[in-house]
file coords.txt (compact mmCIF, C-alpha atoms)
# COMPACT_ATOMS: atom_id res chain seq x y z
CA MET A 691 -15.78 44.42 34.19
CA GLN A 692 -17.70 41.37 33.12
CA SER A 693 -16.41 38.71 30.79
CA ASP A 694 -18.56 40.00 27.94
CA ASN A 695 -17.07 43.45 28.32
CA LEU A 696 -13.58 42.07 28.11
CA GLU A 697 -14.48 40.18 24.98
CA ASN A 698 -15.87 43.35 23.45
CA LEU A 699 -12.67 45.15 24.43
CA PHE A 700 -10.46 42.61 22.65
CA ARG A 701 -12.77 42.56 19.63
CA GLU A 702 -12.75 46.32 19.22
CA LYS A 703 -8.99 46.65 19.69
CA VAL A 704 -8.29 43.94 17.15
CA GLU A 705 -10.62 45.52 14.60
CA GLU A 706 -8.78 48.79 14.97
CA LEU A 707 -5.63 47.14 13.72
CA GLN A 708 -7.04 45.33 10.76
CA HIS A 709 -5.99 47.91 8.15
CA THR A 710 -2.38 48.06 9.22
CA PRO A 711 0.05 45.20 8.80
CA PRO A 712 1.77 43.84 11.94
CA PRO A 713 4.77 46.05 12.78
CA GLN A 714 6.99 43.08 13.59
CA PHE A 715 6.54 41.58 10.09
CA ASN A 716 8.11 43.01 6.94
CA TRP A 717 5.15 42.04 4.85
CA THR A 718 3.73 44.15 2.03
CA PRO A 719 0.67 43.38 -0.07
CA GLU A 720 2.60 44.04 -3.31
CA LYS A 721 5.10 41.28 -2.63
CA SER A 722 2.32 38.85 -1.95
CA TRP A 723 0.49 39.91 -5.12
CA GLU A 724 3.58 39.13 -7.19
CA LYS A 725 3.39 35.60 -5.86
CA LEU A 726 -0.34 35.33 -6.30
CA ALA A 727 -0.75 36.83 -9.79
CA PRO A 728 0.90 33.98 -11.76
CA ALA A 729 -1.34 31.47 -10.01
CA LEU A 730 -4.45 33.40 -11.03
CA GLN A 731 -3.67 33.45 -14.76
CA PRO A 732 -5.81 31.02 -16.68
CA LYS A 733 -3.76 27.96 -17.43
CA PRO A 734 -3.86 26.53 -20.93
CA ARG A 735 -5.69 23.29 -20.92
CA LYS A 736 -3.22 20.51 -20.91
CA LEU A 737 -3.84 17.97 -23.58
CA ASN A 738 -2.87 14.63 -22.29
CA ARG A 739 -1.28 13.67 -25.54
CA GLY A 740 0.53 10.69 -24.15
CA PHE A 741 -2.72 9.17 -23.03
CA TYR A 742 -4.40 9.70 -26.39
CA TRP A 743 -1.39 8.34 -28.26
CA GLY A 744 -1.46 5.28 -26.04
CA VAL A 745 -5.15 4.75 -26.70
CA ALA A 746 -4.63 5.15 -30.44
CA ALA A 747 -1.72 2.72 -30.48
CA GLY A 748 -3.72 0.20 -28.48
CA LEU A 749 -6.64 0.45 -30.91
CA VAL A 750 -4.36 -0.02 -33.90
CA LEU A 751 -2.71 -3.05 -32.32
CA ALA A 752 -6.05 -4.56 -31.42
CA LEU A 753 -7.35 -4.05 -34.95
CA ALA A 754 -4.22 -5.57 -36.46
CA ALA A 755 -4.38 -8.57 -34.18
CA GLY A 756 -8.05 -9.08 -34.92
CA LEU A 757 -7.54 -8.87 -38.67
CA SER A 758 -4.63 -11.28 -38.61
CA LEU A 759 -6.57 -13.77 -36.52
CA PHE A 760 -9.55 -13.43 -38.82
CA ARG A 761 -7.41 -14.08 -41.86
CA LEU A 762 -5.67 -17.02 -40.27
CA SER A 763 -8.99 -18.58 -39.45
CA GLU A 764 -10.20 -18.11 -43.00
CA ILE A 765 -7.12 -19.36 -44.87
CA GLU A 766 -7.26 -23.01 -45.84
CA PRO A 767 -4.39 -24.99 -47.30
CA VAL A 768 -4.45 -23.91 -50.88
CA GLN A 769 -3.23 -26.30 -53.52
CA THR A 770 -1.43 -24.68 -56.32
CA ILE A 771 -3.13 -25.50 -59.53
CA ALA A 772 -1.15 -25.13 -62.66
CA VAL A 773 -3.27 -23.77 -65.38
CA THR A 774 -2.25 -24.32 -68.91
CA THR A 775 -3.94 -23.64 -72.13
CA VAL A 776 -3.36 -26.53 -74.45
CA PRO A 777 -5.12 -26.48 -77.71
CA ALA A 778 -6.28 -29.87 -78.61
CA GLN A 779 -4.17 -31.28 -81.44
CA GLN A 780 -6.45 -34.08 -82.21
CA GLN A 781 -10.00 -34.78 -81.43
CA ILE A 782 -10.42 -38.18 -79.93
CA LYS A 783 -13.74 -39.76 -80.24
CA PRO A 784 -14.83 -42.58 -77.99
CA SER A 785 -15.55 -44.79 -80.98
CA SER A 786 -12.01 -44.43 -82.33
CA LEU A 787 -10.51 -45.14 -78.93
CA ARG A 788 -12.44 -48.35 -78.64
CA ALA A 789 -11.37 -49.29 -82.14
CA LYS A 790 -7.75 -48.71 -81.26
CA LEU A 791 -7.96 -50.79 -78.19
CA SER A 792 -9.64 -53.63 -80.04
CA GLN A 793 -7.01 -53.53 -82.79
CA GLN A 794 -4.16 -54.31 -80.46
CA PRO A 795 -2.54 -57.65 -81.34
CA GLU A 796 -3.50 -60.52 -79.23
CA ILE A 797 -0.80 -62.33 -77.38
CA PRO A 798 -0.19 -65.80 -78.77
CA SER A 799 -0.83 -68.63 -76.49
CA THR A 800 2.49 -70.40 -77.18
CA PRO A 801 5.19 -69.94 -74.60
CA GLU A 802 7.73 -68.72 -77.19
CA ASN A 803 5.51 -65.94 -78.31
CA SER A 804 3.76 -65.16 -75.16
CA VAL A 805 6.85 -64.70 -73.07
CA ILE A 806 9.34 -62.20 -74.32
CA PRO A 807 12.79 -62.03 -72.82
CA ALA A 808 12.73 -58.99 -70.64
CA GLN A 809 16.21 -57.74 -71.31
CA ALA A 810 16.28 -58.45 -74.99
CA THR A 811 12.98 -57.39 -76.40
CA THR A 812 11.06 -55.52 -73.76
CA PRO A 813 11.58 -51.79 -73.72
CA THR A 814 13.05 -50.30 -70.68
CA SER A 815 9.85 -48.59 -69.74
CA ARG A 816 8.03 -51.85 -69.89
CA THR A 817 10.54 -53.66 -67.70
CA LYS A 818 10.27 -50.90 -65.21
CA ALA A 819 6.55 -51.06 -65.35
CA PHE A 820 6.31 -54.69 -64.63
CA VAL A 821 8.52 -56.30 -62.08
CA ALA A 822 7.44 -59.50 -60.59
CA SER A 823 7.80 -59.88 -56.90
CA GLN A 824 8.68 -63.08 -55.18
CA LYS A 825 8.48 -61.92 -51.67
CA THR A 826 5.66 -63.40 -49.73
CA GLU A 827 3.14 -61.49 -47.66
CA LYS A 828 4.15 -58.24 -49.22
CA THR A 829 1.24 -55.88 -49.20
CA THR A 830 0.91 -52.23 -49.73
CA SER A 831 -1.97 -49.90 -49.64
CA SER A 832 -2.61 -50.52 -53.28
CA VAL A 833 -4.36 -53.49 -54.78
CA SER A 834 -2.37 -56.69 -54.71
CA GLU A 835 -2.92 -59.92 -56.53
CA ASN A 836 -0.98 -62.94 -57.62
CA ALA A 837 1.03 -62.43 -60.72
CA PRO A 838 0.05 -64.83 -63.50
CA THR A 839 3.47 -66.02 -64.52
CA LEU A 840 4.44 -69.17 -66.28
CA PRO A 841 6.60 -71.63 -64.43
CA GLU A 842 9.03 -72.30 -67.35
CA GLN A 843 10.08 -68.72 -67.85
CA GLN A 844 10.05 -67.41 -64.35
CA GLN A 845 13.73 -66.90 -63.80
CA THR A 846 14.76 -65.31 -67.04
CA PHE A 847 11.68 -63.94 -68.66
CA LEU A 848 9.04 -61.60 -67.60
CA PRO A 849 5.57 -62.11 -68.88
CA VAL A 850 4.10 -59.47 -71.06
CA PRO A 851 1.04 -58.14 -69.38
CA GLU A 852 -2.19 -58.14 -71.12
CA PRO A 853 -3.40 -54.77 -72.28
CA VAL A 854 -5.36 -52.97 -69.70
CA THR A 855 -8.64 -51.55 -70.71
CA LEU A 856 -10.33 -49.10 -68.49
CA SER A 857 -14.01 -48.62 -68.52
CA ALA A 858 -13.69 -44.89 -68.23
CA THR A 859 -15.38 -43.13 -71.03
CA PRO A 860 -12.95 -40.93 -72.89
CA ALA A 861 -13.80 -37.32 -73.17
CA ALA A 862 -14.30 -35.55 -76.38
CA GLU A 863 -11.17 -33.63 -75.86
CA SER A 864 -8.86 -35.23 -73.44
CA LYS A 865 -5.64 -34.29 -71.84
CA THR A 866 -4.04 -37.24 -70.21
CA SER A 867 -2.65 -37.33 -66.76
CA SER A 868 -0.69 -40.29 -65.53
CA ILE A 869 -1.53 -42.17 -62.37
CA LYS A 870 1.06 -44.46 -60.95
CA ILE A 871 -0.37 -47.57 -59.40
CA THR A 872 1.89 -50.08 -57.74
CA VAL A 873 0.67 -53.61 -57.58
CA VAL A 874 2.58 -56.00 -55.41
CA LEU A 875 2.23 -59.48 -56.67
CA GLY A 876 2.17 -62.51 -54.56
CA ALA A 877 5.25 -64.55 -54.01
CA LYS A 878 3.86 -67.71 -55.46
CA THR A 879 2.59 -67.73 -58.92
CA LEU A 880 -0.38 -69.65 -60.11
CA ALA A 881 1.88 -72.32 -61.54
CA GLN A 882 3.65 -72.67 -58.24
CA GLN A 883 0.40 -72.88 -56.40
CA GLU A 884 -0.83 -75.54 -58.84
CA ALA A 885 2.40 -77.47 -58.51
CA LEU A 886 2.23 -77.34 -54.77
CA ALA A 887 -1.34 -78.50 -54.91
CA MET A 888 -0.25 -81.47 -57.02
CA GLY A 889 2.19 -82.50 -54.31
CA ALA A 890 5.46 -80.98 -55.36
CA THR A 891 7.74 -79.66 -52.68
CA SER A 892 9.22 -76.27 -52.52
CA ASP A 893 12.62 -77.77 -53.29
CA THR A 894 11.64 -78.48 -56.85
CA PRO A 895 14.00 -76.46 -59.09
CA ASP A 896 11.15 -75.24 -61.23
CA LEU A 897 9.46 -73.81 -58.26
CA GLN A 898 12.50 -72.00 -56.99
CA THR A 899 11.75 -68.55 -58.06
CA PRO A 900 14.28 -65.83 -57.39
CA GLN A 901 13.81 -64.21 -54.03
CA LYS A 902 13.43 -60.87 -55.61
CA LYS A 903 10.95 -58.31 -54.82
CA ARG A 904 8.49 -58.04 -57.58
CA LYS A 905 6.34 -55.16 -58.24
CA LEU A 906 3.99 -54.39 -60.96
CA ARG A 907 3.85 -50.83 -61.93
CA LEU A 908 1.25 -49.73 -64.35
CA ARG A 909 0.99 -46.36 -65.84
CA ILE A 910 -2.59 -45.65 -66.62
CA GLN A 911 -3.43 -42.86 -68.96
CA LYS A 912 -6.55 -41.44 -67.53
CA PRO A 913 -8.28 -38.91 -69.70
CA GLU A 914 -9.23 -35.72 -68.02
CA PRO A 915 -12.60 -34.37 -68.98
CA VAL A 916 -12.17 -31.01 -70.55
CA SER A 917 -14.62 -28.49 -71.78
CA PRO A 918 -15.64 -28.96 -75.38
CA ASP A 919 -14.26 -25.59 -76.12
CA GLN A 920 -10.68 -26.47 -76.85
CA TYR A 921 -9.38 -23.02 -76.05
CA GLN A 922 -10.94 -22.92 -72.70
CA LEU A 923 -8.73 -23.32 -69.69
CA ALA A 924 -8.45 -26.73 -68.21
CA THR A 925 -6.84 -27.78 -65.01
CA THR A 926 -4.07 -30.32 -65.01
CA LYS A 927 -4.75 -31.44 -61.51
CA PRO A 928 -5.20 -35.17 -61.65
CA SER A 929 -8.10 -36.68 -59.88
CA LEU A 930 -6.53 -39.62 -58.16
CA PRO A 931 -8.63 -42.58 -57.19
CA ALA A 932 -9.29 -42.94 -53.54
CA ILE A 933 -7.16 -45.31 -51.53
CA GLY A 934 -8.58 -48.74 -51.47
CA THR A 935 -10.36 -48.44 -54.81
CA ARG A 936 -10.20 -51.66 -56.69
CA ILE A 937 -9.05 -51.32 -60.23
CA LYS A 938 -9.83 -54.09 -62.61
CA LEU A 939 -6.72 -55.16 -64.48
CA MET B 1218 -15.56 51.18 -8.38
CA LYS B 1219 -18.35 49.45 -6.60
CA GLU B 1220 -17.65 46.01 -5.21
CA GLU B 1221 -20.42 44.46 -7.25
CA GLN B 1222 -18.83 45.64 -10.47
CA LEU B 1223 -15.44 44.59 -9.17
CA ILE B 1224 -16.71 41.11 -8.52
CA ARG B 1225 -18.22 40.92 -12.01
CA GLN B 1226 -14.90 41.88 -13.60
CA CYS B 1227 -13.03 39.43 -11.41
CA ARG B 1228 -15.36 36.69 -12.56
CA GLN B 1229 -14.43 37.55 -16.17
CA GLY B 1230 -10.75 37.08 -15.30
CA ASP B 1231 -9.81 40.76 -15.33
CA GLY B 1232 -6.36 40.95 -13.72
CA LYS B 1233 -6.68 44.58 -12.75
CA ALA B 1234 -9.95 43.98 -10.94
CA GLN B 1235 -8.46 40.99 -9.17
CA LYS B 1236 -5.54 43.07 -7.99
CA GLN B 1237 -7.90 45.78 -6.81
CA LEU B 1238 -9.97 43.32 -4.82
CA TYR B 1239 -6.83 41.77 -3.37
CA GLU B 1240 -5.42 45.13 -2.27
CA ALA B 1241 -8.71 46.00 -0.58
CA TYR B 1242 -8.66 42.90 1.62
CA ALA B 1243 -5.05 41.71 1.77
CA THR B 1244 -3.92 43.61 4.88
CA PRO B 1245 -6.88 42.77 7.18
CA MET B 1246 -6.72 39.19 6.07
CA PHE B 1247 -3.00 39.05 6.70
CA ARG B 1248 -3.69 40.38 10.18
CA ILE B 1249 -6.12 37.56 10.75
CA CYS B 1250 -3.62 35.01 9.49
CA CYS B 1251 -0.95 36.36 11.84
CA ARG B 1252 -3.37 36.19 14.74
CA TYR B 1253 -3.86 32.46 14.15
CA LEU B 1254 -0.47 31.34 12.89
CA LYS B 1255 2.07 33.79 14.36
CA ASP B 1256 4.68 32.78 11.78
CA GLN B 1257 4.92 35.23 8.87
CA HIS B 1258 5.60 32.65 6.17
CA GLU B 1259 2.81 30.39 7.31
CA ALA B 1260 0.49 33.38 7.49
CA GLU B 1261 1.46 34.53 4.01
CA ASP B 1262 0.99 31.05 2.56
CA ALA B 1263 -2.44 30.82 4.13
CA LEU B 1264 -3.31 34.25 2.78
CA LEU B 1265 -2.27 33.36 -0.77
CA LYS B 1266 -4.13 30.05 -0.72
CA GLY B 1267 -7.16 31.83 0.68
CA PHE B 1268 -7.17 34.42 -2.09
CA GLN B 1269 -6.69 31.75 -4.70
CA LYS B 1270 -9.83 30.08 -3.41
CA VAL B 1271 -11.61 33.42 -3.34
CA PHE B 1272 -10.93 34.07 -7.04
CA THR B 1273 -11.64 30.48 -7.99
CA ASN B 1274 -14.96 30.31 -6.16
CA LEU B 1275 -16.09 33.84 -6.93
CA GLN B 1276 -18.50 32.51 -9.55
CA GLY B 1277 -20.53 30.88 -6.82
CA PHE B 1278 -20.58 33.88 -4.53
CA GLU B 1279 -23.90 35.66 -4.28
CA TYR B 1280 -23.36 39.34 -3.68
CA ARG B 1281 -25.88 41.23 -1.54
CA THR B 1282 -23.97 43.80 0.49
CA ASP B 1283 -20.34 44.83 0.87
CA LYS B 1284 -20.20 43.18 4.28
CA ASP B 1285 -21.14 39.89 2.71
CA LEU B 1286 -18.00 39.87 0.56
CA ALA B 1287 -15.74 40.78 3.48
CA GLY B 1288 -17.29 38.10 5.67
CA TRP B 1289 -17.01 35.52 2.89
CA ILE B 1290 -13.33 36.25 2.29
CA LYS B 1291 -12.67 36.25 6.03
CA ARG B 1292 -14.27 32.82 6.41
CA ILE B 1293 -12.15 31.41 3.63
CA VAL B 1294 -8.95 32.82 5.10
CA VAL B 1295 -9.77 31.62 8.61
CA ASN B 1296 -10.48 28.16 7.25
CA GLU B 1297 -7.10 28.16 5.54
CA CYS B 1298 -5.44 29.03 8.84
CA LEU B 1299 -7.31 26.28 10.62
CA MET B 1300 -6.22 23.82 7.97
CA VAL B 1301 -2.62 24.76 8.61
CA LEU B 1302 -3.14 24.28 12.32
CA ARG B 1303 -4.89 20.97 11.81
CA LYS B 1304 -2.02 19.73 9.65
CA ALA B 1305 0.45 20.72 12.32
CA ASN B 1306 -1.85 19.15 14.95
CA ASN B 1307 -0.49 21.46 17.57
CA PHE B 1308 -3.66 22.31 19.43
CA HIS B 1309 -3.04 22.45 23.12
CA LEU B 1310 -6.14 20.76 24.45
CA SER B 1311 -6.99 20.48 28.13
CA SER B 1312 -9.88 19.32 30.26
CA LEU B 1313 -12.66 21.59 31.39
CA SER B 1314 -11.78 23.75 34.31
CA GLU B 1315 -13.74 26.14 36.38
CA ASP B 1316 -14.58 29.31 34.52
CA LEU B 1317 -12.95 32.07 36.49
CA PRO B 1318 -14.65 35.43 36.81
CA ILE B 1319 -12.99 38.15 34.79
CA LEU B 1320 -12.70 41.47 36.47
CA VAL B 1321 -11.19 44.42 34.66
CA GLU B 1322 -10.76 47.85 36.08
CA GLU B 1323 -12.18 50.31 33.58
CA ASP B 1324 -9.53 53.04 34.01
CA ILE B 1325 -6.68 50.63 33.38
CA TYR B 1326 -8.51 49.11 30.46
CA SER B 1327 -8.61 52.45 28.72
CA THR B 1328 -4.82 52.68 28.83
CA LEU B 1329 -4.31 49.50 26.76
CA SER B 1330 -3.37 50.02 23.15
CA ALA B 1331 -4.62 47.82 20.37
CA GLU B 1332 -1.12 46.51 19.69
CA ASP B 1333 -0.77 45.55 23.38
CA ILE B 1334 -3.98 43.57 23.20
CA TYR B 1335 -2.89 42.01 19.93
CA GLY B 1336 0.48 41.09 21.44
CA LEU B 1337 -1.21 39.43 24.38
CA ILE B 1338 -3.27 37.26 22.06
CA LEU B 1339 -0.16 36.15 20.19
CA GLU B 1340 1.40 34.98 23.44
CA LEU B 1341 -1.33 32.40 23.96
CA PRO B 1342 -0.63 28.79 23.00
CA ASN B 1343 -2.10 27.58 19.72
CA GLY B 1344 -5.13 25.81 21.18
CA TYR B 1345 -6.10 28.63 23.48
CA ARG B 1346 -5.44 31.28 20.91
CA THR B 1347 -7.43 29.50 18.22
CA VAL B 1348 -10.50 29.06 20.38
CA PHE B 1349 -10.18 32.62 21.74
CA ASN B 1350 -9.88 34.03 18.23
CA LEU B 1351 -12.79 32.01 16.92
CA TYR B 1352 -15.07 32.67 19.84
CA VAL B 1353 -14.19 36.21 20.90
CA ILE B 1354 -12.97 37.91 17.72
CA GLU B 1355 -14.73 36.03 14.92
CA GLY B 1356 -17.90 35.33 16.88
CA TYR B 1357 -18.19 31.58 16.33
CA SER B 1358 -20.26 29.53 18.75
CA HIS B 1359 -18.76 26.63 20.68
CA LYS B 1360 -20.66 24.24 18.49
CA GLU B 1361 -19.14 25.75 15.36
CA ILE B 1362 -15.67 25.75 16.92
CA ALA B 1363 -16.08 22.11 17.86
CA GLU B 1364 -17.00 21.27 14.27
CA GLN B 1365 -14.21 23.34 12.81
CA LEU B 1366 -11.49 21.96 15.06
CA GLN B 1367 -13.06 18.50 15.32
CA ILE B 1368 -13.21 18.67 19.08
CA SER B 1369 -16.09 18.51 21.54
CA GLU B 1370 -17.97 21.61 22.66
CA LEU B 1371 -16.79 20.94 26.20
CA THR B 1372 -13.21 21.08 25.06
CA SER B 1373 -13.89 24.34 23.24
CA ARG B 1374 -15.30 25.87 26.40
CA SER B 1375 -12.33 24.63 28.38
CA GLN B 1376 -9.90 26.10 25.89
CA LEU B 1377 -11.62 29.46 26.03
CA SER B 1378 -11.61 29.46 29.82
CA LYS B 1379 -7.96 28.63 29.99
CA ALA B 1380 -7.17 31.25 27.37
CA LYS B 1381 -8.82 33.92 29.48
CA ALA B 1382 -7.00 32.76 32.61
CA MET B 1383 -3.72 32.88 30.84
CA LEU B 1384 -4.41 36.34 29.50
CA ARG B 1385 -4.95 37.46 33.09
CA ASN B 1386 -1.63 36.06 34.13
CA LEU B 1387 0.05 37.69 31.19
CA LEU B 1388 -1.42 41.01 32.11
CA THR B 1389 -0.19 40.56 35.67
CA LYS B 1390 3.29 39.70 34.48
CA ASN B 1391 3.36 42.77 32.32
CA GLN B 1392 2.39 44.74 35.40
CA LEU B 1393 -0.84 45.78 33.93
CA ASN B 1394 -2.78 45.91 37.14
CA PHE B 1395 -6.09 44.62 36.08
CA ALA B 1396 -7.64 41.26 36.23
CA VAL B 1397 -8.91 39.45 33.21

call {"tool": "encode", "arguments": {"input": "coords.txt", "output": "structure tokens"}}
result
Amino acid sequence: MQSDNLENLFREKVEELQHTPPPQFNWTPEKSWEKLAPALQPKPRKLNRGFYWGVAAGLVLALAAGLSLFRLSEIEPVQTIAVTTVPAQQQIKPSSLRAKLSQQPEIPSTPENSVIPAQATTPTSRTKAFVASQKTEKTTSSVSENAPTLPEQQQTFLPVPEPVTLSATPAAESKTSSIKITVVLGAKTLAQQEALAMGATSDTPDLQTPQKKRKLRLRIQKPEPVSPDQYQLATTKPSLPAIGTRIKL
Amino acid sequence: MKEEQLIRQCRQGDGKAQKQLYEAYATPMFRICCRYLKDQHEAEDALLKGFQKVFTNLQGFEYRTDKDLAGWIKRIVVNECLMVLRKANNFHLSSLSEDLPILVEEDIYSTLSAEDIYGLILELPNGYRTVFNLYVIEGYSHKEIAEQLQISELTSRSQLSKAKAMLRNLLTKNQLNFAV
């Protein structure tokens, strides 16, 4: 028998057996079907909820971070502005203000009248406002000038300052706001400088001024321009002069 | 029920139709699995995986004749068996040897039962048996066997030759006085 015949023999014999299970195996189609049937049932589609929750949480966090960064970039340092409604009690006209300023009594030129003992006659506010400084080379960021004091009264008396007139035009309705300006006066007064120029030495008793720090503090009432409507809101925020501005005293 | 209608119902997910199709082909396919894998559990696993693929890919099957469906299922099951063998990597490969002439006496041949022939095939080593099954029983060419098993055609021929020689020896041992 040729090789092809043998192959046909094996093929035919095997095909005869195909409808019967192998006798040595205890296999039945029913048992296998019980294992196969659950795998063939359509599985419910699994929703990957964890993934979607993660994506949602990430989006929320990203939005929150973006909003906070956007707000932080937009926020500028805000100054609190107190807003008050103050009805004007009295209408001040520029003409009346000038008249008041011109009516102030002039300081007499005599030493007795011009110099008032600081502790006896000067009010406390005034003594605080004007303190002469003897310290040399004392400068601050504010305007400094030599204090015009008289040599005879230097140790015990403080000179009364001349009234300060500001060139600012008063508003029709004004609400004042105080500006504190500190003026450091020079250590040597005009009298001292004149005496030194004449040849006197610093040992002269008249020229021995107390080594006390002198400061001149002026409280300037600066009118704030307000709307003519007296019941309209006005801000109390003072507009301070810029540093280095020279104020004429 | 005609197979065409059965296939249509299986495509719609009808459990009864699936069971009917399975029962029609389970036993012959299990026979095929046992011929390749010998072990019952491995054969059953391959059968179940094969039928799972059959029902999953039934949408893409184009029905023409009843033989087409049987051949399609058989190919899937054989492929599953080959995958198991490839994973185990237990092919017994050898070099090409001289193809011995097979001589069978016709009167003795007629005395062989199908189970005897089947038993002789199962005694072959994995490599020989796989090539013999693919070439002789399933009708694959050496080129196809080489592609399936990822071996050369020469190796496939060698395996077949050695399988036949071994079958002859087995027949001699069993005192079946005919040459293979």

call {"tool": "residues_around", "arguments": {"input": "coords.txt", "residues": "Asn1296 (chain B)", "least_positions_apart": "5", "cutoff": "10 Å", "atoms": "all atoms listed in the file", "output": "PyMOL selection string"}}
result
chain B and resi 1250+1263+1267+1290-1291+1301-1302+1365

call {"tool": "closest_atom_pairs", "arguments": {"input": "coords.txt", "of": "chain A", "to": "chain B", "cutoff": "7 Å", "atoms": "all atoms listed in the file", "output": "CSV"}}
result
residue,atom,partner,partner_atom,distance
A:Met691,CA,B:Val1321,CA,4.6
A:Gln692,CA,B:Ile1319,CA,5.9
A:Ser693,CA,B:Ile1319,CA,5.3
A:Glu697,CA,B:Val1353,CA,5.7
A:Phe700,CA,B:Ile1334,CA,6.6
A:Arg701,CA,B:Ile1354,CA,5.0
A:Lys703,CA,B:Ala1331,CA,4.6
A:Val704,CA,B:Ala1331,CA,6.2
A:Glu706,CA,B:Ala1331,CA,6.9
A:Leu707,CA,B:Ala1331,CA,6.8
A:Gln708,CA,B:Pro1245,CA,4.4
A:His709,CA,B:Pro1245,CA,5.3
A:Thr710,CA,B:Thr1244,CA,6.4
A:Pro711,CA,B:Thr1244,CA,5.8
A:Pro712,CA,B:Arg1248,CA,6.7
A:Phe715,CA,B:Gln1257,CA,6.7
A:Pro719,CA,B:Ala1243,CA,6.2
A:Leu726,CA,B:Leu1265,CA,6.2
A:Leu730,CA,B:Gln1269,CA,6.9

call {"tool": "atom_distance", "arguments": {"input": "coords.txt", "atom1": "CA of Gln1222 (chain B)", "atom2": "CA of Pro732 (chain A)"}}
result
20.5 Å

call {"tool": "atom_distance", "arguments": {"input": "coords.txt", "atom1": "CA of Leu1387 (chain B)", "atom2": "CA of Leu699 (chain A)"}}
result
16.2 Å

call {"tool": "atom_distance", "arguments": {"input": "coords.txt", "atom1": "CA of Ser1375 (chain B)", "atom2": "CA of Leu696 (chain A)"}}
result
17.5 Å

call {"tool": "closest_residue", "arguments": {"input": "coords.txt", "among": "B:Arg1385, B:Ile1293, B:Met1300, B:Tyr1253", "to": "Arg1346 (chain B)", "atoms": "all atoms listed in the file"}}
result
B:Tyr1253

call {"tool": "residues_around", "arguments": {"input": "coords.txt", "residues": "Tyr1357 (chain B)", "least_positions_apart": "5", "cutoff": "12 Å", "atoms": "only C-alpha atoms", "output": "NGL selection string"}}
result
:B and (1292 or 1295 or 1347-1352 or 1362-1366 or 1370 or 1373-1374 or 1377)
